[in-house]
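Asks: I am sharing model27.cif, which consists of mmCIF, C-alpha atoms and all ligand atoms:
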```
data_upload
#
loop_
_atom_site.label_atom_id
_atom_site.label_comp_id
_atom_site.auth_asym_id
_atom_site.auth_seq_id
_atom_site.Cartn_x
_atom_site.Cartn_y
_atom_site.Cartn_z
CA MET A 1 40.53 -0.60 42.98
CA ASN A 2 41.94 -0.07 39.49
CA VAL A 3 45.40 -1.22 38.49
CA PRO A 4 47.33 2.11 38.63
CA ALA A 5 45.78 3.00 42.01
CA SER A 6 46.60 -0.39 43.50
CA PHE A 7 50.17 -0.05 42.18
CA MET A 8 50.53 3.31 43.98
CA VAL A 9 49.12 1.78 47.16
CA SER A 10 51.72 -0.99 46.87
CA LEU A 11 54.40 1.70 46.46
CA GLY A 12 53.30 3.20 49.80
CA GLN A 13 53.36 -0.26 51.39
CA CYS A 14 56.91 -0.80 50.17
CA LEU A 15 58.07 2.50 51.64
CA SER A 16 56.42 1.69 55.00
CA THR A 17 57.91 -1.81 55.09
CA MET A 18 61.36 -0.52 54.20
CA SER A 19 61.35 1.46 57.46
CA LEU A 20 60.78 -1.77 59.39
CA TYR A 21 63.05 -4.28 57.68
CA PRO A 22 66.62 -3.95 56.38
CA SER A 23 67.63 -4.60 52.80
CA GLY A 24 67.44 -8.30 51.86
CA HIS A 25 64.90 -9.18 54.59
CA PRO A 26 62.25 -11.58 53.17
CA ALA A 27 59.34 -9.36 54.33
CA ARG A 28 60.84 -6.42 52.50
CA GLU A 29 61.58 -8.37 49.33
CA LYS A 30 58.04 -9.77 49.35
CA VAL A 31 56.32 -6.36 49.21
CA ILE A 32 58.76 -5.20 46.55
CA ASP A 33 57.91 -8.30 44.50
CA ALA A 34 54.21 -7.61 44.91
CA SER A 35 54.53 -3.97 43.86
CA PHE A 36 56.71 -4.92 40.88
CA THR A 37 54.00 -7.35 39.73
CA ARG A 38 51.45 -4.53 39.95
CA LEU A 39 53.82 -2.25 38.07
CA LEU A 40 54.05 -4.81 35.25
CA ASP A 41 50.22 -4.90 35.22
CA VAL A 42 50.15 -1.12 34.81
CA LEU A 43 52.67 -1.38 31.96
CA SER A 44 51.04 -4.37 30.27
CA ASP A 45 49.58 -2.37 27.42
CA ILE A 46 51.45 0.95 27.53
CA GLN A 47 55.04 1.89 26.77
CA PHE A 48 55.41 4.37 29.54
CA ALA A 49 53.59 5.20 32.78
CA ASP A 50 53.50 8.65 34.30
CA PHE A 51 52.11 9.56 37.69
CA SER A 52 51.84 13.09 39.11
CA VAL A 53 51.28 13.62 42.80
CA ILE A 54 49.56 16.94 43.37
CA GLY A 55 47.52 18.46 46.15
CA GLY A 56 47.05 15.22 48.05
CA GLY A 57 45.95 13.21 45.00
CA VAL A 58 47.39 11.31 42.06
CA VAL A 59 47.03 11.86 38.32
CA PHE A 60 47.83 8.85 36.10
CA GLN A 61 48.26 9.43 32.36
CA GLY A 62 46.27 12.66 32.63
CA ARG A 63 43.45 11.15 34.70
CA VAL A 64 42.81 11.75 38.38
CA LEU A 65 42.72 8.49 40.34
CA ASP A 66 39.54 8.86 42.40
CA GLU A 67 40.53 6.03 44.72
CA LEU A 68 43.57 8.00 45.86
CA ARG A 69 41.93 11.37 46.52
CA SER A 70 42.85 11.31 50.19
CA TRP A 71 45.80 8.98 49.98
CA ASP A 72 48.16 9.76 52.83
CA TRP A 73 51.28 8.96 50.82
CA ALA A 74 50.50 11.63 48.20
CA THR A 75 51.19 14.36 50.74
CA ARG A 76 54.26 12.61 52.12
CA LEU A 77 55.81 12.06 48.70
CA ALA A 78 55.07 15.62 47.52
CA ALA A 79 56.59 17.02 50.73
CA VAL A 80 60.01 15.63 49.73
CA GLY A 81 59.75 16.64 46.09
CA ILE A 82 58.48 13.35 44.65
CA GLU A 83 55.64 14.73 42.56
CA ARG A 84 56.29 13.00 39.32
CA LEU A 85 57.08 9.35 38.60
CA GLU A 86 57.79 8.11 35.10
CA ILE A 87 58.48 4.45 34.39
CA ASP A 88 59.34 2.88 31.06
CA ALA A 89 57.91 -0.49 30.04
CA ASP A 90 61.35 -2.12 30.03
CA VAL A 91 61.86 -1.52 33.76
CA SER A 92 63.55 -4.34 35.68
CA ARG A 93 62.82 -5.57 39.19
CA GLU A 94 66.32 -4.46 40.20
CA ALA A 95 65.73 -0.93 38.89
CA TRP A 96 62.41 -0.76 40.73
CA SER A 97 64.01 -1.87 43.96
CA GLU A 98 66.76 0.78 43.53
CA ALA A 99 64.19 3.49 42.82
CA LEU A 100 62.25 2.53 45.95
CA ASN A 101 65.46 2.71 47.90
CA GLU A 102 66.13 6.22 46.64
CA MET A 103 62.60 7.34 47.43
CA TRP A 104 62.92 5.92 50.92
CA GLN A 105 66.21 7.76 51.41
CA LYS A 106 64.61 11.01 50.27
CA LEU A 107 61.72 10.50 52.66
CA ASN A 108 64.18 9.96 55.48
CA GLY A 109 66.28 12.97 54.70
CA HIS A 110 69.26 11.17 53.15
CA ALA A 111 70.94 12.53 50.05
CA PRO A 112 70.59 10.15 47.11
CA GLU A 113 73.67 8.04 46.51
CA SER A 114 75.52 8.64 43.31
CA ASN A 115 76.63 5.31 41.93
CA ASP A 116 76.31 3.14 38.87
CA ALA A 117 73.10 1.53 40.04
CA ARG A 118 71.50 4.95 40.20
CA GLN A 119 72.47 5.63 36.60
CA LEU A 120 70.83 2.35 35.66
CA VAL A 121 67.66 3.35 37.44
CA ALA A 122 67.71 6.74 35.76
CA THR A 123 67.30 5.10 32.38
CA SER A 124 63.98 3.39 33.10
CA ILE A 125 62.56 5.21 36.15
CA ARG A 126 62.58 8.92 36.76
CA PHE A 127 61.08 10.74 39.69
CA GLY A 128 61.26 14.22 41.13
CA SER A 129 59.46 17.53 41.15
CA LEU A 130 56.63 18.25 38.78
CA ARG A 131 58.42 19.41 35.69
CA VAL A 132 58.00 20.00 32.05
CA MET A 133 59.25 16.87 30.36
CA GLY A 134 59.94 18.36 26.93
CA GLY A 135 57.76 18.19 23.87
CA GLU A 136 56.95 20.63 21.13
CA GLY A 137 55.80 24.09 21.93
CA THR A 138 57.02 23.96 25.49
CA ALA A 139 59.99 25.80 26.84
CA GLY A 140 61.31 23.11 29.09
CA GLY A 141 63.66 20.22 29.28
CA VAL A 142 63.71 17.29 31.63
CA ASP A 143 65.24 19.34 34.40
CA GLY A 144 62.77 22.16 33.89
CA ALA A 145 65.53 24.74 33.98
CA ALA A 146 64.44 26.27 30.73
CA LYS A 147 65.98 29.51 29.66
CA PRO A 148 65.03 31.82 26.87
CA ALA A 149 66.54 30.71 23.60
CA THR A 150 69.06 33.41 22.89
CA GLY A 151 69.53 34.15 19.26
CA ASP A 152 66.09 32.90 18.36
CA THR A 153 64.09 36.07 18.31
CA ASP A 154 61.21 35.13 16.05
CA GLN A 155 58.48 37.66 16.28
CA ILE A 156 54.79 36.91 16.59
CA PRO A 157 53.48 36.98 13.02
CA GLU A 158 51.30 39.92 12.16
CA ASP A 159 50.01 38.57 8.90
CA THR A 160 46.78 37.38 10.45
CA ALA A 161 46.14 40.64 12.25
CA THR A 162 42.61 41.90 12.23
CA SER A 163 41.14 44.95 13.81
CA LEU A 164 40.16 44.02 17.35
CA GLY A 165 39.17 47.38 18.72
CA LEU A 166 41.35 46.48 21.68
CA THR A 167 38.53 46.21 24.15
CA LEU A 168 39.30 42.48 24.53
CA LYS A 169 35.62 42.05 25.27
CA ASP A 170 35.33 38.95 23.12
CA GLU A 171 38.42 37.40 24.63
CA ILE A 172 37.15 38.01 28.14
CA ALA A 173 33.77 36.53 27.28
CA ALA A 174 35.55 33.52 25.79
CA VAL A 175 37.69 33.05 28.91
CA THR A 176 34.53 33.20 31.04
CA TRP A 177 33.04 30.50 28.85
CA ILE A 178 36.20 28.36 29.15
CA HIS A 179 36.08 28.62 32.93
CA GLU A 180 32.48 27.46 32.90
CA GLU A 181 33.34 24.57 30.58
CA VAL A 182 36.15 23.45 32.87
CA LEU A 183 33.85 23.63 35.85
CA THR A 184 30.82 21.90 34.37
CA SER A 185 32.26 19.41 31.91
CA ASP A 186 35.26 17.17 31.71
CA ARG A 187 37.07 19.06 29.02
CA LEU A 188 39.42 21.96 28.56
CA PRO A 189 38.51 23.56 25.23
CA MET A 190 42.03 23.80 23.92
CA ALA A 191 41.15 25.16 20.48
CA GLU A 192 39.51 28.16 22.12
CA VAL A 193 42.46 28.65 24.46
CA GLU A 194 44.82 28.75 21.45
CA ALA A 195 42.48 31.10 19.61
CA ILE A 196 42.32 33.55 22.52
CA VAL A 197 46.09 33.55 22.92
CA GLY A 198 46.48 34.12 19.17
CA SER A 199 44.03 36.99 19.34
CA LEU A 200 45.77 38.51 22.37
CA ALA A 201 49.13 38.21 20.61
CA ILE A 202 47.78 40.12 17.65
CA ALA A 203 46.22 42.76 19.89
CA MET A 204 49.53 43.15 21.66
CA LYS A 205 51.48 43.52 18.43
CA SER A 206 49.02 45.85 16.75
CA GLU A 207 49.45 48.51 19.41
CA GLN A 208 52.31 50.95 19.56
CA LYS A 209 52.34 50.66 23.30
CA MET A 210 52.55 47.17 24.69
CA LEU A 211 50.26 47.70 27.62
CA LEU A 212 47.36 49.33 25.90
CA PRO A 213 45.49 46.08 25.38
CA LEU A 214 45.43 45.49 29.11
CA VAL A 215 41.97 45.62 30.50
CA MET A 216 41.19 48.03 33.29
CA LEU A 217 38.93 46.17 35.62
CA LYS A 218 35.53 47.63 36.29
CA ASP A 219 33.53 44.69 37.45
CA PHE A 220 34.96 42.64 40.28
CA ASP A 221 33.14 39.53 39.11
CA GLN A 222 35.28 39.62 36.03
CA TYR A 223 38.54 39.80 37.93
CA THR A 224 39.73 36.28 37.18
CA THR A 225 38.94 36.44 33.48
CA THR A 226 40.33 39.91 32.76
CA HIS A 227 43.35 39.07 34.90
CA ALA A 228 43.92 35.89 32.85
CA CYS A 229 43.98 37.89 29.61
CA ASN A 230 46.27 40.54 31.07
CA VAL A 231 48.76 38.03 32.45
CA SER A 232 48.74 36.23 29.10
CA VAL A 233 49.53 39.43 27.19
CA LEU A 234 52.20 40.50 29.67
CA SER A 235 53.81 37.04 29.66
CA MET A 236 54.03 37.01 25.88
CA GLY A 237 55.45 40.53 25.81
CA LEU A 238 58.02 39.71 28.46
CA ALA A 239 58.99 36.42 26.80
CA GLU A 240 59.55 38.32 23.57
CA GLN A 241 61.53 40.98 25.40
CA MET A 242 63.76 38.23 26.80
CA GLY A 243 64.47 36.76 23.40
CA CYS A 244 62.29 33.66 23.55
CA SER A 245 61.30 31.86 20.37
CA ARG A 246 57.87 32.18 18.80
CA SER A 247 56.69 28.82 20.07
CA GLU A 248 57.91 29.67 23.57
CA ILE A 249 56.10 33.02 23.46
CA ARG A 250 52.84 31.28 22.56
CA ALA A 251 53.38 28.59 25.20
CA PHE A 252 53.93 31.34 27.81
CA GLY A 253 50.76 33.06 26.56
CA VAL A 254 48.81 29.86 27.15
CA ALA A 255 50.44 29.38 30.57
CA GLY A 256 49.60 33.00 31.49
CA LEU A 257 46.01 32.58 30.37
CA LEU A 258 45.56 29.40 32.40
CA HIS A 259 47.71 30.15 35.46
CA ASP A 260 44.70 30.76 37.75
CA ILE A 261 42.41 28.14 36.20
CA GLY A 262 42.32 26.38 39.59
CA LYS A 263 40.16 29.26 40.85
CA VAL A 264 37.17 27.68 39.11
CA ARG A 265 37.18 25.28 42.07
CA ILE A 266 37.10 28.10 44.64
CA PRO A 267 33.57 29.05 45.80
CA LYS A 268 32.35 32.11 43.94
CA ASP A 269 31.39 33.98 47.09
CA ILE A 270 35.03 33.84 48.20
CA LEU A 271 36.37 34.83 44.78
CA THR A 272 34.05 37.80 44.59
CA LYS A 273 34.06 38.78 48.25
CA PRO A 274 34.12 42.57 48.38
CA GLY A 275 36.49 42.71 51.33
CA ARG A 276 39.46 41.02 52.86
CA LEU A 277 39.51 37.25 53.14
CA THR A 278 39.52 35.52 56.52
CA GLU A 279 42.43 33.19 57.34
CA GLN A 280 40.25 30.19 56.51
CA GLU A 281 39.23 31.71 53.17
CA LYS A 282 42.85 32.51 52.39
CA GLU A 283 43.78 28.89 53.04
CA LEU A 284 41.13 27.73 50.62
CA MET A 285 42.24 30.28 48.05
CA ALA A 286 45.81 28.99 48.40
CA THR A 287 44.74 25.62 47.02
CA HIS A 288 44.17 27.08 43.54
CA PRO A 289 47.73 26.27 42.28
CA GLN A 290 47.33 22.54 42.99
CA GLU A 291 43.78 22.55 41.67
CA GLY A 292 44.93 24.28 38.49
CA ALA A 293 47.80 21.87 37.87
CA ARG A 294 45.46 18.95 38.41
CA ILE A 295 42.88 20.30 35.97
CA LEU A 296 45.52 20.93 33.30
CA LEU A 297 47.25 17.57 33.68
CA GLU A 298 43.92 15.80 33.72
CA ARG A 299 42.35 17.52 30.78
CA HIS A 300 45.09 17.99 28.26
CA LYS A 301 48.28 16.12 27.45
CA GLY A 302 50.14 19.03 25.81
CA LEU A 303 49.81 21.39 28.75
CA GLN A 304 52.62 20.23 30.99
CA MET A 305 54.28 23.62 31.07
CA ALA A 306 50.99 25.41 31.80
CA ALA A 307 50.41 22.87 34.60
CA VAL A 308 53.84 23.58 36.08
CA VAL A 309 53.19 27.33 35.89
CA ALA A 310 49.76 26.93 37.49
CA TYR A 311 51.44 24.96 40.28
CA GLU A 312 54.40 27.27 40.83
CA HIS A 313 53.21 30.81 40.07
CA HIS A 314 52.88 31.81 43.73
CA ILE A 315 56.28 30.45 44.77
CA CYS A 316 58.95 33.08 45.42
CA ILE A 317 62.54 32.48 44.41
CA ASP A 318 63.57 32.32 48.09
CA GLY A 319 61.05 29.54 48.66
CA ASN A 320 58.35 31.66 50.31
CA GLY A 321 54.85 31.80 48.91
CA TYR A 322 52.71 28.74 48.29
CA PRO A 323 52.58 25.77 47.93
CA HIS A 324 55.34 25.60 50.53
CA PHE A 325 58.23 23.17 50.20
CA HIS A 326 60.98 22.11 52.57
CA PHE A 327 63.56 22.05 49.82
CA ASP A 328 64.83 24.39 47.15
CA ARG A 329 62.37 23.84 44.35
CA GLY A 330 64.07 25.99 41.71
CA CYS A 331 60.93 26.95 39.81
CA HIS A 332 60.66 26.78 36.04
CA PHE A 333 61.64 29.89 34.08
CA ALA A 334 58.06 30.23 32.81
CA SER A 335 56.72 30.18 36.39
CA ARG A 336 59.13 32.91 37.45
CA LEU A 337 58.16 34.95 34.41
CA VAL A 338 54.40 34.56 34.96
CA HIS A 339 54.90 35.35 38.66
CA VAL A 340 56.20 38.85 37.82
CA CYS A 341 53.35 39.51 35.36
CA ASP A 342 50.82 38.17 37.86
CA VAL A 343 52.02 40.47 40.66
CA TYR A 344 52.09 43.47 38.35
CA ASP A 345 48.56 42.93 37.10
CA ALA A 346 47.21 42.18 40.59
CA LEU A 347 48.63 45.46 41.90
CA SER A 348 47.48 47.47 38.87
CA THR A 349 43.92 46.24 39.27
CA ASN A 350 41.13 48.02 41.01
CA ARG A 351 39.96 46.05 44.06
CA PRO A 352 37.04 46.76 46.37
CA TYR A 353 39.39 47.59 49.23
CA ARG A 354 42.09 49.51 47.39
CA LYS A 355 42.63 51.65 44.36
CA PRO A 356 44.76 50.35 41.50
CA TRP A 357 48.41 51.22 41.78
CA THR A 358 50.09 53.19 39.04
CA SER A 359 52.40 51.33 36.72
CA GLU A 360 55.45 52.90 38.39
CA GLN A 361 54.28 51.97 41.86
CA ALA A 362 53.73 48.36 40.82
CA LEU A 363 57.15 48.22 39.12
CA SER A 364 58.83 49.64 42.21
CA TYR A 365 57.12 47.04 44.39
CA ILE A 366 58.43 44.27 42.15
CA GLU A 367 61.94 45.71 41.95
CA GLN A 368 62.21 45.95 45.71
CA ARG A 369 61.63 42.19 45.79
CA GLU A 370 64.35 41.23 43.34
CA GLY A 371 66.41 38.35 44.68
CA THR A 372 63.85 37.43 47.34
CA GLU A 373 60.46 37.11 45.71
CA VAL A 374 61.22 37.68 42.05
CA ASP A 375 63.99 36.74 39.64
CA PRO A 376 66.16 39.87 39.17
CA ALA A 377 66.82 39.29 35.45
CA ILE A 378 63.12 38.81 34.73
CA SER A 379 62.17 41.81 36.86
CA ARG A 380 64.68 44.02 35.02
CA ALA A 381 63.46 42.87 31.61
CA PHE A 382 59.88 43.50 32.76
CA GLY A 383 60.75 47.02 33.93
CA THR A 384 62.40 47.76 30.59
CA MET A 385 59.37 46.46 28.72
CA VAL A 386 56.76 48.35 30.72
CA ARG A 387 58.62 51.52 31.29
CA GLY A 388 60.86 52.09 28.34
CA ALA A 389 62.35 54.96 30.33
CA THR A 390 64.35 55.52 33.50
CA LEU A 391 62.38 55.43 36.70
CA GLY A 392 62.73 57.90 39.53
CA HIS A 393 61.76 57.29 43.13
CA VAL A 394 58.14 56.28 43.50
CA PRO A 395 56.43 56.52 46.89
CA MET A 396 54.56 53.36 47.78
CA PRO A 397 50.84 53.57 48.46
CA GLU A 398 49.86 53.08 52.08
CA ASN A 399 48.04 49.83 51.49
CA SER A 400 50.51 47.48 49.91
CA GLU A 401 48.69 44.24 50.52
CA ARG A 402 47.69 42.25 47.51
CA ASP A 403 45.42 39.36 46.79
CA ASP A 404 46.69 37.71 43.68
FE FE A 501 47.15 32.70 41.34
FE FE A 502 46.96 35.36 39.10
#
```
Now that the file is in, can you turn its structure into structure tokens?
Ligand SMILES: [Fe+2]
Ligand SMILES: [Fe+2]
Replies:
Amino acid sequence: MNVPASFMVSLGQCLSTMSLYPSGHPAREKVIDASFTRLLDVLSDIQFADFSVIGGGVVFQGRVLDELRSWDWATRLAAVGIERLEIDADVSREAWSEALNEMWQKLNGHAPESNDARQLVATSIRFGSLRVMGGEGTAGGVDGAAKPATGDTDQIPEDTATSLGLTLKDEIAAVTWIHEEVLTSDRLPMAEVEAIVGSLAIAMKSEQKMLLPLVMLKDFDQYTTTHACNVSVLSMGLAEQMGCSRSEIRAFGVAGLLHDIGKVRIPKDILTKPGRLTEQEKELMATHPQEGARILLERHKGLQMAAVVAYEHHICIDGNGYPHFHFDRGCHFASRLVHVCDVYDALSTNRPYRKPWTSEQALSYIEQREGTEVDPAISRAFGTMVRGATLGHVPMPENSERDD
């Protein structure tokens, strides 16, 4: 077993042993010593170690640890919100012991203690929900509670605009190719992702009406790719509407484009099934957020925010949706924003079992879910962007189920 995997296994052993022996017991101290030695091995030639625990597996420094694919502790840690573990090279044995203590308390339903020791730990070890940890071009901070940067209302530059014909055919073909690349090779072609988002941004800006570039779906096979482009365009438009900076708008465009990337791991016959999914198929489909986050963390270092959005885009603000958590997750602003765009495009799309909803019907559906499923401020900004006029009462279509 490789060094990072054996360190994580030792972490699990510590947490098990801590349930059996009280603090200071030699058996307990011995496993903590052993895991600290493994931790030092992990950190022997790096400055900083980061582990993400997603969908029952572990990603270390952007690489999935094969040995831990069905590691029991991955599920247990994620269930209490320990999805991310970052450790600096200058970590002490005392800090590691404190961090283990806190993790154990979380696992056993105790609130973390707030004392000086905790502050000490916080400087060299950080753990919690999967979050954007900062960096250029992302919209997040360590706590992930990113908000649009008010006052910074840079517009998407139009100087590179070319005539695109607004069919988005090339972009859709390129997204199809990216999906195939992700599925068949080990890489995420980031240059192409950026190019598509740039092209979509120009298409969006070159139209009088924001939504004209959106693709009306004809071919069900293309659902995932056309949907990716639409959600990207809508996310950029909405981010701009909410006063986000240019770099945030682009980052949201990338996150929108890649939010369903995990669907490349869902069997095609389920993705393209011309009817309703069975319960078992729905369960499989519901794994696409974890799969997507794993792909993005594994393949590209600069895609933390897109990974968070892929992971969280089906979570409602009241905690419903999926993946399901037993605590208030408080999703990232970008995830809440993409969620609204995702629902809107899913409802506006033609599906084999229902006709596409009108724009007003889809907006009404979203607005009725303000405060439960969707963020009210984001929903209102979205309504203003799409509608640009006051809305009257819109009767809902009979079939209001959606498969997004
Ligand atoms: Fe999705
Ligand atoms: Fe989606």
Asks: My list of candidates is A:Ala79, A:Thr17, A:Ile295, A:Trp357. Which is closest to Pro323 of chain A when distances are computed with all atoms listed in the file?
Replies: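 With all atoms listed in the file as the atom set, the closest residue is A:Ala79.
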Asks: For atom CA of Asp318 of chain A and atom CA of Pro289 of chain A, quote the distance in Å rounded to one decimal.
Replies: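 Calculated distance between atom CA of Asp318 of chain A and atom CA of Pro289 of chain A is 17.9 Å.
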Asks: Counting all atoms listed in the file, what are the residues, protein, DNA or RNA alike, that approach ligand FE 501 (chain A) to within 9 Å? I want them as a PyMOL selection string.
Replies: chain A and resi 259-263+285-286+288-289+310-311+313-314+339+342+403-404
Asks: Which value, in Å to one decimal, gives the distance between atom CA of Ser232 of chain A and atom CA of Asp269 of chain A?
Replies: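 Interatomic distance here is 25.1 Å.
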Asks: Have a look at A:Asp345, A:Asp88, A:Asp33, A:Glu367 and name the one nearest to ligand FE 502 (chain A); count all atoms listed in the file.
Replies: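 With all atoms listed in the file as the atom set, the closest residue is A:Asp345.
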Asks: Would you work out the distance separating atom CA of Val308 of chain A from atom CA of Ala49 of chain A, expressed in Å to one decimal?
Replies: 18.7 Å
Asks: Where atoms are missing, can you supply N, CA and C atoms for segment 287-304 of chain A and output the lot as a CSV table (one decimal), in the frame of the given file?
Replies:
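This is the output file rebuild07.csv:
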```csv
chain,number,residue,atom,x,y,z
A,287,THR,N,44.7,26.9,47.7
A,287,THR,CA,44.7,25.6,47.0
A,287,THR,C,44.6,25.7,45.5
A,288,HIS,N,44.4,27.0,45.0
A,288,HIS,CA,44.2,27.1,43.5
A,288,HIS,C,45.4,26.6,42.7
A,289,PRO,N,46.6,26.8,43.1
A,289,PRO,CA,47.7,26.3,42.3
A,289,PRO,C,47.7,24.8,42.1
A,290,GLN,N,47.4,24.0,43.2
A,290,GLN,CA,47.3,22.5,43.0
A,290,GLN,C,46.1,22.2,42.1
A,291,GLU,N,45.0,22.9,42.4
A,291,GLU,CA,43.8,22.6,41.7
A,291,GLU,C,44.0,22.8,40.2
A,292,GLY,N,44.7,23.9,39.9
A,292,GLY,CA,44.9,24.3,38.5
A,292,GLY,C,45.8,23.3,37.8
A,293,ALA,N,46.9,22.9,38.5
A,293,ALA,CA,47.8,21.9,37.9
A,293,ALA,C,47.1,20.6,37.6
A,294,ARG,N,46.2,20.2,38.6
A,294,ARG,CA,45.5,19.0,38.4
A,294,ARG,C,44.5,19.0,37.2
A,295,ILE,N,43.8,20.1,37.1
A,295,ILE,CA,42.9,20.3,36.0
A,295,ILE,C,43.7,20.2,34.6
A,296,LEU,N,44.8,20.9,34.6
A,296,LEU,CA,45.5,20.9,33.3
A,296,LEU,C,46.1,19.6,33.0
A,297,LEU,N,46.7,18.9,34.0
A,297,LEU,CA,47.2,17.6,33.7
A,297,LEU,C,46.2,16.6,33.3
A,298,GLU,N,45.0,16.7,33.9
A,298,GLU,CA,43.9,15.8,33.7
A,298,GLU,C,43.3,16.0,32.4
A,299,ARG,N,43.2,17.2,32.0
A,299,ARG,CA,42.4,17.5,30.8
A,299,ARG,C,43.1,17.6,29.5
A,300,HIS,N,44.4,17.8,29.5
A,300,HIS,CA,45.1,18.0,28.3
A,300,HIS,C,46.6,17.6,28.3
A,301,LYS,N,46.9,16.7,27.4
A,301,LYS,CA,48.3,16.1,27.4
A,301,LYS,C,49.4,17.1,27.2
A,302,GLY,N,49.1,18.1,26.2
A,302,GLY,CA,50.1,19.0,25.8
A,302,GLY,C,50.3,20.2,26.7
A,303,LEU,N,49.8,20.2,27.9
A,303,LEU,CA,49.8,21.4,28.8
A,303,LEU,C,50.7,21.2,30.0
A,304,GLN,N,51.8,20.5,29.8
A,304,GLN,CA,52.6,20.2,31.0
A,304,GLN,C,53.2,21.5,31.5
```
